[in-house]
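Before any comments, here is the structure.
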Amino acid sequence: MVNPGEHTKESTRRKVLAAMGGAGTLALAGCVGGDDDDADDGDDGADRTGEPDEDLTGDISVAVGANPDTVDPTLINDAPSQAIYGHVYEYLVTTDYDGTTPVPILATDWERSDDNLTWTFDLRQDVVFHNGDEFVADDVAFSVERARGTINDTQVDAIEEVEVIDDHTIEMTTSTVQAQFLLDIGGVPILPRNADGISETPETDDHDFGEESIGSGPFELDLFQTEDRVELVPFDDHWADVHNPWEQVTFQVVPEIVSQEEAVRAGEVQAIDNPAMFDLEQWDAEEPEVIGTEAVGFDLLGFPTQASPFNNDKLRRGLSGLVPREEVLTAVYDDNGVPLSAPISPGLGDFYDEDYQTELAEQYIGTSEEEALDLIEEALDEEGVEPPLEIDMRTNINEERERWMEVIQQTWDETEFLSTSLEIIEFPALVDFITDPNGLAEAEDVVIGIGWTGGSDPNGHVEDLYHSSNVVPDGNNWSLYESDEADSLIEDGQTTVDLDERIDIYRDLQDVLAGDTPHAWMWTTDNVHVVRTGEVEGWTPHPNSSFRFDSLYAHQRDIIARPTE
Amino acid sequence: MSLQRFILKRGLITIPLLIGVSIMTFGMIHFIPGDPVDFITQFADLDPDVEDEIRSQYGLDQPVYIQYFNWMSDAIMLDFGNAITTNRTVSAEIADRLPYTLLMGSMAFLVTVITAIPLGIYAAYHRNTRIDQTSRVFALLGIALPNFWLGLILILVFSSYLGLFPVLPPTGEGLLSTDMIFYTILPAVTIGTGATALMMRLMRSSMVEELDKDYVRTARAKGLPEKTVIRKHVVRNSLISVVTVAAIQVAFIISGSVVVEVVFSYPGIGRLLVERVQTRDFPVIQALVLIIGVFVIFANMLADIIYAYLDPRIRY
């Protein structure tokens with residue numbers, strides 16, 4: 001979690017970069033939501049998958065759109081790197097495909113104390129690292145310390161004390177109740193403490209992670225060619241007694257969408273993760289198939305809520321109400337997504353309620369253009385602004401985002417109340433602008449269009465963006481939104497462990513946020529891959545893009561893609 | 001002035017240029033607002049002791065001029081430190097990628113030379129005919145077409161529809177393997193098209209100029225065969241300006257590889273540069289900018305020397 005007062009502007013900026021570059025970061029993704037019983041009692045992951053049912057093996061090539069360039073697992077804070085190196089490094093726990101249920105990996109079991117502050121983990125006993133070291137509790141303690149002070153500090157900053165009970169038992173105590181603790185600790189990669197060239201301060205380490213992987217995962221790094229490819233091969237001494245069907249997995253970096261599409265069409269790769277969403281129909285009559293899953297995160301419009309006339313919630317709600325969400329989803333995303341009226345996305349499982357989203361839309365932003373225009377007219381009148389209100393819209397270079405911003409621009413311009421201009425800038429420049437306390441926060445006429453991926457827990461969707469302690473530069477509350485009611489509900493959501501209670505808290509929070517509309521939430525688009533299903537079966541994108549390729553060998557979660565022959 | 005003296009003088013002029021480029025390259029990190037340590041640590045909130053250690057590790061605790069001399073003396077030995085994103089040595093990262101760009105660049109240059117010169121000669125010899133006009137249209141197209149668009153069209157036509165070339169670079173193949181060289185043809189044609197068009201027009205205009213000169217009339221009047229007049233006199237003299245431009249084109253082919261490498265997923269330094277600019281990996285960016293800058297300076301020097309060698313009248 002963000003620590004107010006300690007984070008500088010720059011650290012905040014980096015988090016945004018990681019979180020919004022199409023990436024669900026573990027730091028932000030963090031967070032639990034699991035069923036109480038599941039959270040309290042882990043079970044042995046290896047047992048869930050049963051015996052290997054066949055010996056079929058093969059190679060697979062996957063074209064990835066973004067470069068997985070962070071190779072030190074402790075420093076990974078971007079989804080493209082996590083999605084790949086998550087096969088090489090392991091964690092105490094992970095989440096199931098429902099996004100909420102904790103699943104054991106290196107921990108076989110865990111218990112939470114009555115005061116919900118102390119967690120005791122039983123650790124797997126038959127694990128060796130790629131460098132031959134045996135896995136013990138000291139490695140967990142080392143790995144937690146290694147994450148402290150890094151870009152992923154939020155995964156461990158609530159941990160006050162780590163006590164090694166014995167080689168295979170470890171206890172961690174948090175300063176406050178952390179509902180999302182299992183997901184936070186599930187983002188900490190476990191490394192062998194005695195490996196050459198690594199220490200508790202990764203920034204000064206000289207271990208070449210691109211040359212030698214030292215995880216305990218089911219795959220070892222065979223080749224890392226920066227900005228080109230990553231090749232993984234099975235780790236023969238991996239602890240899981242579950243057949244690994246892949247003799248070699250190649251992730252080839254192909255930044256150009258057309259090249260990705262032509263490569264999967266020609267059969268040079270078996271799957272791609274970045275097809276053109278507006279042209280998915282092209283695959284209808286061909287062998288590669290479109291496979292999509294509901295996702296976490298959302299696109300949004302950000303307003304400067306402290307500057308007149310944007311400080312008037314009617315204007316913000318009216319502008320939000322004018323956005324033709326359904327039409328954009330059809331035109332730009334080929335209907336692969338759902339419209340939102342609050343910041344909880346469908347990939348969050350039980351926390352998302354489609355009917356409630358509709359209810360909020362009806363209550364706060366209206367369901368017709370007339371209602372939206374009435375709100376805008378009223379707001380401009382109250383603020384003494386003579387129409388048309390001039391708005392400077394900004395977004396980053398991104399084909400789909402540019403398209404929907406153009407649609408919104410056109411829609412707004414068609415009214416008599418608004419006159420807009422649209423500026424497309426580099427992503428880092430946009431992030432600099434929104435995280436700068438003198439940027440969006442001080443702007444009077446700027447509306448930005450951007451995406452946010454909060455990870456697998458609702459807290460990651462709201463705390464950093466809407467808690468008043470996270471106003472830039474201490475967090476990602478760029479719009480300077482402040483609400484005691486929202487703050488209180490966000491804090492309750494963090495410290496409440498009962499799932500039903502948490503669902504109610506986030507429901508109330510959505511009501512507060514939708515009423516204030518510090519952002520206009522647009523939609524959540526699906527995670528869509530194009531896969532040669534004639535060559536690979538069982539391919540299942542994870543709702544969290546950080547785990548998008550997990551189905552290659554998610555043996556703890558009973559999902560393993562296989563070659564067909 | 002003898003050629004040797006000219007080369008020496010030209011070489012000496014290069015020294016301040018190289019120093020200027022190195023200062024600008026080094027200064028990049030200091031021109032950017034903020035603390036360089038933040039770029040190295042990716043803006044993590046570090047313990048002040050760790051921050052000091054990093055500052056010391058990168059020599060950032062020294063006065064700027066000392067930092068420059070340290071960086072420059074290391075750079076001369078091709079030691080650019082470690083990349084921030086991968087923690088690998090920058091030299092190793094560039095060494096992995098540079099051969100691919102050089103392969104693509106040399107193939108592009110080959111494409112340029114073997115097509116531009118004959119076509120230029122042909123167009124000049126048939127000046128103001130349909131052949132000449134057609135070649136002019138193609139030359140204009142070649143110069144005007146953006147590389148990324150041409151690259152995509154070539155992929156769609158030759159890889160997807162005709163299936164003659166693979167879409168992606170071959171995996172597990174060496175730099176000089178048949179598969180890799182074969183794959184490099186399309187990117188080389190893409191990057192070489194603009195240079196071909198330019199050189200073809202230059203060859204044509206240069207040759208047209210030569211054809212009108214008195215010595216050509218004299219040669220013809222003496223009864224020399226037309227082939228001899230063209231090959232031994234006209235073409236040779238026309239080539240002087242073309243060869244010098246070709247030398248400069250080599251540098252532009254290398255720096256122009258950035259877009260083409262992204263389109264073709266080609267594992268060269270162009271893509272390395274694009275990615276590292278996005279991640280603000282300044283040791284890599286500094287090294288690549290310096291290398292490309294030095295390359296351009298030396299290509300220019302080479303062009304001047306070749307020009308002077310081919311035309312003894314030229315001594316600046």
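Ligands are numbered from 1 in the order shown, chains are lettered A, B, ... in the order of the structure tokens, and residues start at 1 in each chain.
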Report task. Give as a list in words every residue of chain A that touches chain B within 6 Å, counting only C-alpha atoms. Result ->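 Only these qualify: Glu10, Ser11, Thr70, Val71, Gly149, Thr150, Ile151, Asp228, Val254, Glu256 and Ala263 of chain A.
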**Report entry** Residues within 9 Å of Ile117 (chain B), only C-alpha atoms, excluding chain neighbours under 2 positions, as a list in words
**Finding:**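 Result of the neighbour search: Thr112, Val113, Ile114, Thr115, Leu119, Gly120, Ile121, Tyr122, Thr196, Met199, Met200, Met203, Arg204, Leu239 and Val242 of chain B.
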Report task. Using CA of Asp550 (chain A) and CA of Gly534 (chain A) as the two end points, give the distance in Å to one decimal. Result ->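 According to the coordinates, CA of Asp550 (chain A) and CA of Gly534 (chain A) are separated by 19.5 Å.
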Query raised in the report: Taking the backbone alone, and naming residues the way the document does, which bits of region 201-283 of chain A are strand (DSSP E) by DSSP, as JSON, numbers by chain?
Result: {"A": [219, 220, 221, 222, 223, 224, 225, 229, 230, 231, 232, 233, 234, 246, 247, 248, 249, 250, 251, 252, 253, 271, 272]}
Requested in this report: Would you mind listing what lies within 8 Å of region 26-29 of chain B as a PyMOL selection string, with only C-alpha atoms counted and same-chain residues fewer than 4 positions away left out?
Outcome: chain B and resi 22+36+68+71+282+286
Query - Point-to-point distance from CA of Asp212 (chain B) to CA of Ala197 (chain B), Å rounded to tenths - result: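 The value is 23.0 Å.
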Query raised in the report: Which distance in Å separates CA of Asp61 (chain B) and CA of Asn77 (chain A), to one decimal?
Result: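 CA of Asn77 (chain A) lies 28.0 Å from CA of Asp61 (chain B).
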Requested in this report: Could you tell me which of A:His238, A:His243, A:His207, A:Arg316 comes closest to Asp516 (chain A) if we count only C-alpha atoms?
Outcome: A:Arg316
Query raised in the report: Got a sec: who's within 12 Å of Tyr85 (chain A), counting only C-alpha atoms, leaving out chain neighbours fewer than 5 positions off, as a VMD selection string?
Result: chain A and resid 68 to 80 90 to 91 189 209 to 210 213 to 222 224 230 to 232 249 251 546 to 550
Query raised in the report: What lies within 7 Å of Ala139 (chain B) using only C-alpha atoms, ignoring chain neighbours under 4 positions off, as a list in words?
Result: Ser135, Ile143, Ala197, Leu198 and Arg201 of chain B
Could you take the residues named above and write them with C-alpha atoms, as a PDB file, in the first residue's frame?
```pdb
ATOM      1  CA  SER B 135      12.076   6.167 -63.117  1.00  0.00           C
ATOM      2  CA  ILE B 143      11.642   8.873 -51.256  1.00  0.00           C
ATOM      3  CA  ALA B 197      15.657   6.391 -55.003  1.00  0.00           C
ATOM      4  CA  LEU B 198      17.918   9.184 -53.882  1.00  0.00           C
ATOM      5  CA  ARG B 201      18.297  10.389 -59.105  1.00  0.00           C
TER       6      ARG B 201
END
```
At a cut-off of 10 Å, using only C-alpha atoms, what residues contact Asp311 (chain B)? Leave out same-chain residues fewer than 5 positions from it and give the result as a JSON list (two decimals) with all heavy atoms, in the first residue's frame.
```json
[["chain", "number", "residue", "atom", "x", "y", "z"],
["B", 237, "ASN", "N", 33.31, 9.44, -64.05],
["B", 237, "ASN", "CA", 33.25, 10.81, -63.53],
["B", 237, "ASN", "C", 31.94, 11.07, -62.77],
["B", 237, "ASN", "O", 31.92, 11.81, -61.79],
["B", 237, "ASN", "CB", 33.41, 11.83, -64.66],
["B", 237, "ASN", "CG", 34.85, 11.89, -65.13],
["B", 237, "ASN", "OD1", 35.77, 11.73, -64.33],
["B", 237, "ASN", "ND2", 35.07, 12.09, -66.42],
["B", 240, "ILE", "N", 31.72, 10.03, -58.94],
["B", 240, "ILE", "CA", 32.40, 10.74, -57.85],
["B", 240, "ILE", "C", 31.40, 11.24, -56.80],
["B", 240, "ILE", "O", 31.51, 10.95, -55.61],
["B", 240, "ILE", "CB", 33.23, 11.93, -58.41],
["B", 240, "ILE", "CG1", 34.37, 11.38, -59.25],
["B", 240, "ILE", "CG2", 33.77, 12.80, -57.27],
["B", 240, "ILE", "CD1", 35.18, 12.44, -59.97],
["B", 241, "SER", "N", 30.40, 11.97, -57.26],
["B", 241, "SER", "CA", 29.45, 12.52, -56.28],
["B", 241, "SER", "C", 28.59, 11.41, -55.68],
["B", 241, "SER", "O", 28.22, 11.45, -54.50],
["B", 241, "SER", "CB", 28.56, 13.56, -56.94],
["B", 241, "SER", "OG", 27.92, 13.00, -58.06],
["B", 305, "ILE", "N", 37.04, 12.03, -47.72],
["B", 305, "ILE", "CA", 38.32, 11.45, -48.16],
["B", 305, "ILE", "C", 38.16, 10.77, -49.52],
["B", 305, "ILE", "O", 38.99, 10.92, -50.42],
["B", 305, "ILE", "CB", 38.86, 10.47, -47.10],
["B", 305, "ILE", "CG1", 39.27, 11.26, -45.85],
["B", 305, "ILE", "CG2", 40.05, 9.68, -47.64],
["B", 305, "ILE", "CD1", 39.60, 10.41, -44.65],
["B", 306, "ILE", "N", 37.06, 10.03, -49.66],
["B", 306, "ILE", "CA", 36.83, 9.37, -50.95],
["B", 306, "ILE", "C", 36.69, 10.41, -52.06],
["B", 306, "ILE", "O", 37.24, 10.28, -53.15],
["B", 306, "ILE", "CB", 35.56, 8.48, -50.89],
["B", 306, "ILE", "CG1", 35.80, 7.30, -49.96],
["B", 306, "ILE", "CG2", 35.18, 7.97, -52.27],
["B", 306, "ILE", "CD1", 34.56, 6.47, -49.69]]
```
Requested in this report: Pick out each residue of region 94-300 of chain B that DSSP on the backbone tags as helix (DSSP H, G or I); I need them as an MDAnalysis selection string.
Outcome: chainID B and resid 94:125 130:144 147:161 178:211 214:221 226:255 257:263 269:279 282:300
Query raised in the report: Which one is closest to Ile408 (chain A): A:Glu565, A:Glu327, A:Glu261, A:Glu354? Count only C-alpha atoms.
Result: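 Counting only C-alpha atoms, the residue closest to Ile408 (chain A) is A:Glu327.
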